[in-house]
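Structure data follow from structure03.txt (compact mmCIF, C-alpha atoms):
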# COMPACT_ATOMS: atom_id res chain seq x y z
CA MET A 1 0.00 0.00 0.00
CA THR A 2 3.08 2.21 0.29
CA PHE A 3 6.48 2.91 -1.26
CA SER A 4 9.39 4.63 0.45
CA VAL A 5 13.12 5.30 0.39
CA ILE A 6 15.46 5.71 3.37
CA ALA A 7 19.05 6.91 3.01
CA ARG A 8 22.08 8.52 4.61
CA ASP A 9 24.11 11.33 3.05
CA PRO A 10 27.80 10.33 3.45
CA ALA A 11 28.90 13.96 3.04
CA THR A 12 26.79 15.44 5.84
CA GLY A 13 25.73 12.41 7.85
CA ASP A 14 22.08 13.46 7.51
CA LEU A 15 19.45 10.69 7.54
CA GLY A 16 16.12 10.78 5.76
CA ILE A 17 13.01 9.12 4.42
CA ALA A 18 10.52 9.95 1.68
CA VAL A 19 7.27 8.02 1.44
CA SER A 20 3.99 8.04 -0.47
CA SER A 21 0.81 5.99 -0.21
CA CYS A 22 -2.87 5.79 -0.96
CA ILE A 23 -3.79 6.36 2.68
CA LEU A 24 -4.59 9.54 4.54
CA ALA A 25 -1.58 11.22 6.23
CA VAL A 26 1.11 8.61 5.56
CA GLY A 27 3.57 10.90 7.34
CA ARG A 28 1.84 10.00 10.59
CA ALA A 29 2.03 6.25 10.04
CA VAL A 30 5.22 5.18 8.23
CA PRO A 31 8.30 7.34 8.97
CA SER A 32 10.13 7.57 12.27
CA ALA A 33 13.46 9.31 12.80
CA ARG A 34 15.68 10.42 15.64
CA PRO A 35 18.71 12.70 15.15
CA GLY A 36 21.96 10.88 15.76
CA VAL A 37 20.15 7.55 15.98
CA GLY A 38 18.52 6.54 12.71
CA VAL A 39 15.49 6.36 10.46
CA VAL A 40 12.81 3.68 10.25
CA ALA A 41 10.10 2.90 7.71
CA VAL A 42 7.23 0.76 9.02
CA GLN A 43 4.76 -0.25 6.31
CA ALA A 44 2.02 -2.67 5.25
CA ARG A 45 0.05 -4.05 8.21
CA SER A 46 2.61 -3.11 10.82
CA ARG A 47 1.50 -2.76 14.41
CA ARG A 48 1.45 0.65 16.02
CA GLY A 49 4.54 1.34 18.04
CA LEU A 50 6.90 -0.83 15.99
CA GLY A 51 8.73 2.22 14.63
CA ARG A 52 9.28 3.56 18.13
CA SER A 53 10.63 0.25 19.40
CA LEU A 54 13.00 -0.09 16.42
CA LEU A 55 14.41 3.39 17.06
CA ALA A 56 14.82 2.50 20.72
CA GLY A 57 16.79 -0.56 19.69
CA LEU A 58 19.06 1.55 17.49
CA GLU A 59 19.63 4.00 20.34
CA GLU A 60 20.67 1.11 22.56
CA GLY A 61 23.28 0.09 19.99
CA ALA A 62 21.52 -2.81 18.26
CA ASP A 63 22.47 -3.63 14.69
CA PRO A 64 19.74 -2.90 12.10
CA ALA A 65 19.99 -6.48 10.79
CA ASP A 66 19.36 -7.89 14.26
CA LEU A 67 16.36 -5.61 14.79
CA VAL A 68 14.88 -6.61 11.46
CA ARG A 69 15.54 -10.29 12.13
CA ALA A 70 13.78 -10.12 15.49
CA ALA A 71 10.73 -8.42 13.96
CA ALA A 72 10.66 -10.97 11.14
CA HIS A 73 10.22 -13.79 13.67
CA ALA A 74 7.45 -12.09 15.62
CA ALA A 75 4.10 -13.69 14.85
CA GLU A 76 2.23 -10.41 15.18
CA ASP A 77 4.42 -8.85 12.45
CA VAL A 78 3.83 -11.41 9.69
CA ASP A 79 2.14 -8.81 7.46
CA ARG A 80 4.55 -5.96 8.10
CA GLN A 81 7.31 -4.41 5.99
CA ILE A 82 10.18 -2.57 7.67
CA ALA A 83 13.45 -0.83 6.84
CA VAL A 84 15.97 0.35 9.43
CA LEU A 85 18.87 2.76 8.86
CA ALA A 86 21.43 3.53 11.55
CA ALA A 87 23.28 6.82 11.91
CA ASP A 88 26.49 5.23 10.61
CA GLY A 89 24.80 4.01 7.40
CA ARG A 90 24.15 0.37 8.30
CA VAL A 91 20.83 -0.61 6.79
CA ALA A 92 18.51 -3.61 6.77
CA ALA A 93 15.01 -4.32 5.53
CA ASP A 94 12.46 -7.12 5.43
CA THR A 95 9.15 -7.74 3.69
CA GLY A 96 6.85 -10.01 5.68
CA ARG A 97 5.56 -13.09 3.92
CA GLY A 98 2.02 -11.86 4.39
CA SER A 99 2.61 -8.47 2.72
CA PHE A 100 0.53 -7.52 -0.28
CA PRO A 101 1.77 -8.25 -3.82
CA VAL A 102 3.60 -6.67 -5.65
CA SER A 103 5.90 -6.23 -2.63
CA GLY A 104 9.58 -6.17 -1.87
CA HIS A 105 12.66 -4.18 -0.96
CA LEU A 106 16.07 -3.40 -2.45
CA LEU A 107 19.18 -2.56 -0.43
CA ASP A 108 22.07 -0.44 -1.64
CA GLU A 109 24.94 1.34 0.10
CA GLN A 110 23.50 3.35 3.00
CA MET A 111 20.01 3.27 1.49
CA SER A 112 16.97 1.09 0.93
CA VAL A 113 13.75 1.24 -1.07
CA GLN A 114 10.66 -0.75 -0.14
CA GLY A 115 7.06 -1.02 -1.20
CA ASN A 116 3.96 -3.16 -1.15
CA MET A 117 0.82 -3.36 -3.27
CA LEU A 118 2.79 -1.71 -6.04
CA ALA A 119 1.44 -1.08 -9.51
CA SER A 120 4.55 -2.47 -11.20
CA PRO A 121 7.69 -4.51 -10.43
CA GLU A 122 9.62 -1.56 -11.88
CA VAL A 123 8.79 0.79 -9.01
CA LEU A 124 11.64 -0.20 -6.68
CA PRO A 125 14.40 -0.48 -9.33
CA ALA A 126 13.37 2.89 -10.72
CA MET A 127 13.64 4.44 -7.27
CA THR A 128 17.09 2.96 -6.70
CA ARG A 129 18.39 4.24 -10.03
CA ALA A 130 16.91 7.70 -9.51
CA PHE A 131 18.48 8.07 -6.08
CA ALA A 132 21.90 7.01 -7.40
CA ASP A 133 21.69 9.40 -10.36
CA ALA A 134 20.25 12.41 -8.53
CA CYS A 135 22.27 15.47 -7.56
CA GLY A 136 21.73 17.91 -4.73
CA ASP A 137 21.09 17.61 -1.02
CA LEU A 138 19.61 14.51 0.61
CA PRO A 139 15.99 15.83 0.55
CA ASP A 140 16.24 16.40 -3.21
CA ARG A 141 17.70 12.95 -3.86
CA LEU A 142 14.99 11.33 -1.73
CA LEU A 143 12.34 13.23 -3.68
CA ALA A 144 13.92 12.18 -6.97
CA ALA A 145 13.60 8.54 -5.91
CA LEU A 146 10.01 9.02 -4.76
CA THR A 147 9.11 10.74 -8.03
CA ALA A 148 10.63 7.89 -10.02
CA GLY A 149 8.59 5.41 -8.01
CA GLN A 150 5.40 7.32 -8.69
CA ASP A 151 6.24 7.61 -12.40
CA ALA A 152 6.74 3.84 -12.52
CA GLY A 153 3.25 3.26 -11.13
CA GLY A 154 3.54 3.83 -7.40
CA ASP A 155 0.71 2.54 -5.22
CA LEU A 156 -1.65 0.23 -7.10
CA ARG A 157 -4.71 1.85 -5.49
CA GLY A 158 -3.81 5.43 -6.38
CA ARG A 159 -2.42 8.51 -4.68
CA GLN A 160 -3.31 10.36 -1.51
CA SER A 161 -0.42 11.41 0.74
CA ALA A 162 3.34 11.80 0.95
CA ALA A 163 5.98 12.88 3.45
CA LEU A 164 9.64 13.88 3.61
CA LEU A 165 11.62 13.73 6.85
CA VAL A 166 15.36 14.44 7.20
CA VAL A 167 17.29 14.65 10.47
CA SER A 168 20.87 15.24 11.50
CA GLY A 169 23.28 12.35 11.89
CA THR A 170 24.31 13.79 15.25
CA PRO A 171 22.13 13.98 18.37
CA ALA A 172 19.87 16.96 18.99
CA THR A 173 20.96 19.70 21.38
CA ASP A 174 19.27 22.59 23.17
CA GLU A 175 20.33 24.85 20.29
CA ASP A 176 19.48 22.46 17.44
CA ASP A 177 16.64 19.94 17.42
CA GLY A 178 18.33 18.07 14.57
CA VAL A 179 15.33 18.23 12.21
CA ARG A 180 16.42 19.42 8.78
CA THR A 181 13.22 18.84 6.80
CA ASP A 182 9.75 17.77 7.93
CA LEU A 183 7.15 18.18 5.17
CA ARG A 184 3.83 16.39 4.73
CA VAL A 185 1.04 16.27 2.18
CA ASP A 186 -1.86 14.56 3.92
CA ASP A 187 -4.52 14.53 1.20
CA SER A 188 -3.87 15.36 -2.45
CA ALA A 189 -4.61 14.07 -5.93
CA ASP A 190 -0.86 14.27 -6.67
CA PRO A 191 0.95 14.20 -3.32
CA VAL A 192 4.46 13.60 -4.65
CA ALA A 193 4.26 16.63 -6.93
CA GLN A 194 2.84 18.68 -4.06
CA LEU A 195 5.68 17.53 -1.82
CA ARG A 196 8.21 18.74 -4.42
CA LEU A 197 6.52 22.15 -4.41
CA LEU A 198 6.78 22.30 -0.63
CA ARG A 199 10.46 21.37 -0.80
CA ASN A 200 11.08 24.19 -3.29
CA LEU A 201 9.25 26.61 -1.01
CA GLN A 202 11.27 25.47 1.99
CA ARG A 203 14.46 26.02 0.00
CA ALA A 204 13.31 29.56 -0.83
CA TYR A 205 12.82 30.30 2.88
CA ASP A 206 16.16 28.74 3.83
CA GLU A 207 18.07 30.59 1.11
CA ARG A 208 16.13 33.85 1.49
CA ASP A 209 15.03 33.69 -2.12
CA TYR A 210 12.76 36.72 -1.85
CA GLU A 211 11.86 36.71 -5.55
CA THR A 212 10.30 33.26 -5.21
CA LEU A 213 8.66 34.06 -1.88
CA ALA A 214 7.11 37.20 -3.39
CA LEU A 215 5.18 34.84 -5.68
CA PHE A 216 4.45 31.83 -3.50
CA ALA A 217 4.40 32.93 0.13
CA PRO A 218 0.99 33.38 1.81
CA GLU A 219 -0.86 36.36 0.39
CA GLY A 220 -0.51 38.52 3.48
CA ALA A 221 3.29 38.20 3.44
CA ARG A 222 3.96 38.56 -0.27
CA ASP A 223 4.30 42.35 -0.10
CA LEU A 224 7.01 41.95 2.54
CA TYR A 225 9.02 39.61 0.33
CA ALA A 226 8.39 41.79 -2.72
CA ALA A 227 9.84 44.74 -0.78
CA LEU A 228 12.85 42.69 0.28
CA ALA A 229 13.39 41.41 -3.26
CA ALA A 230 13.18 44.92 -4.69
CA SER A 231 15.56 46.19 -2.01
CA ARG A 232 18.07 43.52 -2.96
CA ARG A 233 17.79 44.59 -6.61
CA GLY A 234 18.12 48.26 -5.69
CA ASP A 235 14.69 48.95 -7.18
CA ARG A 236 13.53 51.91 -5.09
CA GLU A 237 10.10 52.39 -6.66
CA SER A 238 9.07 48.73 -6.44
CA ALA A 239 10.28 48.55 -2.85
CA ARG A 240 8.30 51.67 -1.96
CA ALA A 241 5.12 50.33 -3.60
CA ALA A 242 5.41 46.95 -1.85
CA LEU A 243 6.11 48.58 1.51
CA GLU A 244 3.15 50.91 1.18
CA ALA A 245 0.91 48.00 0.23
CA MET A 246 2.13 46.10 3.28
CA ARG A 247 1.49 49.04 5.61
CA ALA A 248 -2.07 49.25 4.28
CA ARG A 249 -2.81 45.75 5.55
CA PRO A 250 -4.33 45.69 9.05
CA GLY A 251 -1.69 45.11 11.72
CA TRP A 252 1.36 45.27 9.46
CA SER A 253 2.38 48.83 10.38
CA ALA A 254 2.72 47.79 14.02
CA TRP A 255 4.71 44.72 12.97
CA LEU A 256 7.07 46.85 10.89
CA ALA A 257 7.64 49.17 13.84
CA ALA A 258 8.41 46.19 16.08
CA MET A 259 10.87 44.83 13.47
CA ALA A 260 12.76 48.10 13.08
CA GLY A 261 15.95 46.45 14.31
CA ASP A 262 15.79 43.61 11.79
CA LEU A 263 18.59 44.05 9.24
CA ARG A 264 16.42 42.91 6.32
CA VAL A 265 13.65 45.42 7.05
CA ALA A 266 16.21 48.12 7.80
CA ALA A 267 17.70 47.60 4.33
CA VAL A 268 14.35 48.45 2.75
CA SER A 269 14.00 51.54 4.95
CA ARG A 270 17.48 52.76 4.05
CA LEU A 271 16.70 52.40 0.37
CA LEU A 272 13.64 54.63 0.76
CA ASP A 273 15.37 57.35 2.84
When written as structure tokens, how does the structure in this file appear?
Amino acid sequence: MTFSVIARDPATGDLGIAVSSCILAVGRAVPSARPGVGVVAVQARSRRGLGRSLLAGLEEGADPADLVRAAAHAAEDVDRQIAVLAADGRVAADTGRGSFPVSGHLLDEQMSVQGNMLASPEVLPAMTRAFADACGDLPDRLLAALTAGQDAGGDLRGRQSAALLVVSGTPATDEDDGVRTDLRVDDSADPVAQLRLLRNLQRAYDERDYETLALFAPEGARDLYAALAASRRGDRESARAALEAMRARPGWSAWLAAMAGDLRVAAVSRLLD
């Protein structure tokens, strides 16, 4: 009923999972991750809590293969499908004998793809190839694999939800919770495509791509990003028009006054002086 990819980025140590399914809110059901510990995919008819117990095993130092082997011999997990990735890149997976056809998993170096009730036997090989060929950061490579799986047929029943979760390979601290990406599409006719849009929007926020945010940010904030984008370009008139439009919105003048010390807003003000 689901297809997913888990992987580690050898360059950064980041760990992640991308998943899609024809169920509501797959991001609530399948992926589990803990910074500095690992990532787990729990699919098919897996019991609730299995992901949590697998992560606990990783945190205690258990080998992914041993955790998978133990789950494979549990009678209550005969219909489950699991994949376990440790922070150091060790990975293991298993597809229960009761899982839905077409089902299976493929392991590669520091990554695994798995799926059940797939529309085609080509789904998993396509995902593996796409991940290996993709460029960019780990979230982008995970999305490339997920897109390839969907293009090869994906879930036999159709499309509904998708999720992308990436965490640090080192433990969380008080200053850094270790979560790099946490995006979900809970109900959509094309959840993988929607997830890619969300990833692009997140990148725009992270990289302060004001030109993109001026187009795609929530309506109430677009004038702010338009002003910042114009300021960066040195376009005085466009910055003035966007700032005036923002001030005309209820509550924004007070916000601007409160943000007077923010360097980005100050740059717009200096341009208009």
Would you please work out which residue, of A:Asp176, A:Asp262, A:Asp155, A:Asp66, is nearest to A:Phe3 when using all atoms listed in the file?
->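 Closest candidate: A:Asp155.
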Taking into account only C-alpha atoms, which residue in the set A:Ile6, A:Leu228, A:Cys22, A:Ala11 is nearest to A:Leu85?
->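 Result for the nearest residue to A:Leu85: A:Ile6.
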Two-atom distance - atom CA of A:Pro139, atom CA of A:Gly178 (Å) =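 The value is 14.4 Å.
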Take atom CA of A:Ala241 and atom CA of A:Leu197 and report the distance between them in Å, one decimal.
-> 28.2 Å
Would you kindly return, as a ChimeraX atom specification, each protein, DNA or RNA residue with an atom no farther than 12 Å from any atom of stretch 216-222 of chain A, considering all atoms listed in the file and excluding same-chain residues fewer than 6 positions away?
-> /A:197-198,200-202,204-205,208-210,228-229,242-243,245-252,255
Can you work out the spacing between atom CA of A:Pro191 and atom CA of A:Glu109 in Å, to one decimal?
->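 If I compute the distance from atom CA of A:Pro191 to atom CA of A:Glu109, I get 27.4 Å.
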Among listed residues A:Arg264, A:Arg141, A:Arg196, A:Arg203, nearest A:Asp9 (using only C-alpha atoms) =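 Of all the options, A:Arg141 lies closest to A:Asp9.
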Would you list the contacts of A:Met111 as an MDAnalysis selection string, taking every protein, DNA or RNA residue within 10 Å and counting only C-alpha atoms, but skipping same-chain residues closer than 4 positions in sequence?
-> chainID A and resid 5:9 15:17 83:85 89:93 106:107 128 131:132
A:Ile82 environment, 7 Å, all atoms listed in the file, sequence neighbours closer than 6 positions dropped, as a list of chain:residue names =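 Close residues of A:Ile82: A:Ala41, A:Val42, A:Gln43, A:Ala93, A:Asp94, A:Thr95.
Among the candidate residues A:Arg184, A:Arg97, A:His73, A:Arg157, the one lying nearest to A:Val30 is A:Arg184, with distances computed using all atoms listed in the file.
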Which of these, A:Arg52, A:Arg159, A:Arg233, A:Arg180, has the shortest distance to A:Val192 once you count all atoms listed in the file?
->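 Using all atoms listed in the file, the shortest distance to A:Val192 belongs to A:Arg159.
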Residues around (23.3, 7.8, 17.2), cut-off 9 Å, counting only C-alpha atoms - what are they as a PyMOL selection string?
-> chain A and resi 34-38+58-61+86-88+169-171
Judged by only C-alpha atoms, the minimum distance to A:Pro10 among A:Asp63, A:Gly115, A:Ser120, A:Ser168 is found for A:Ser168
Pick out the residues sitting within 9 Å of A:Asp140, and hand them over as a PyMOL selection string; count all atoms listed in the file, and ignore anything fewer than 5 positions along from it in its own chain.
-> chain A and resi 134-135+145+196+199
Sphere at (-5.7, 4.6, -8.0), radius 12 Å, counting all atoms listed in the file: residues as a PyMOL selection string | chain A and resi 1+21-23+117-119+150+153-160+189-190
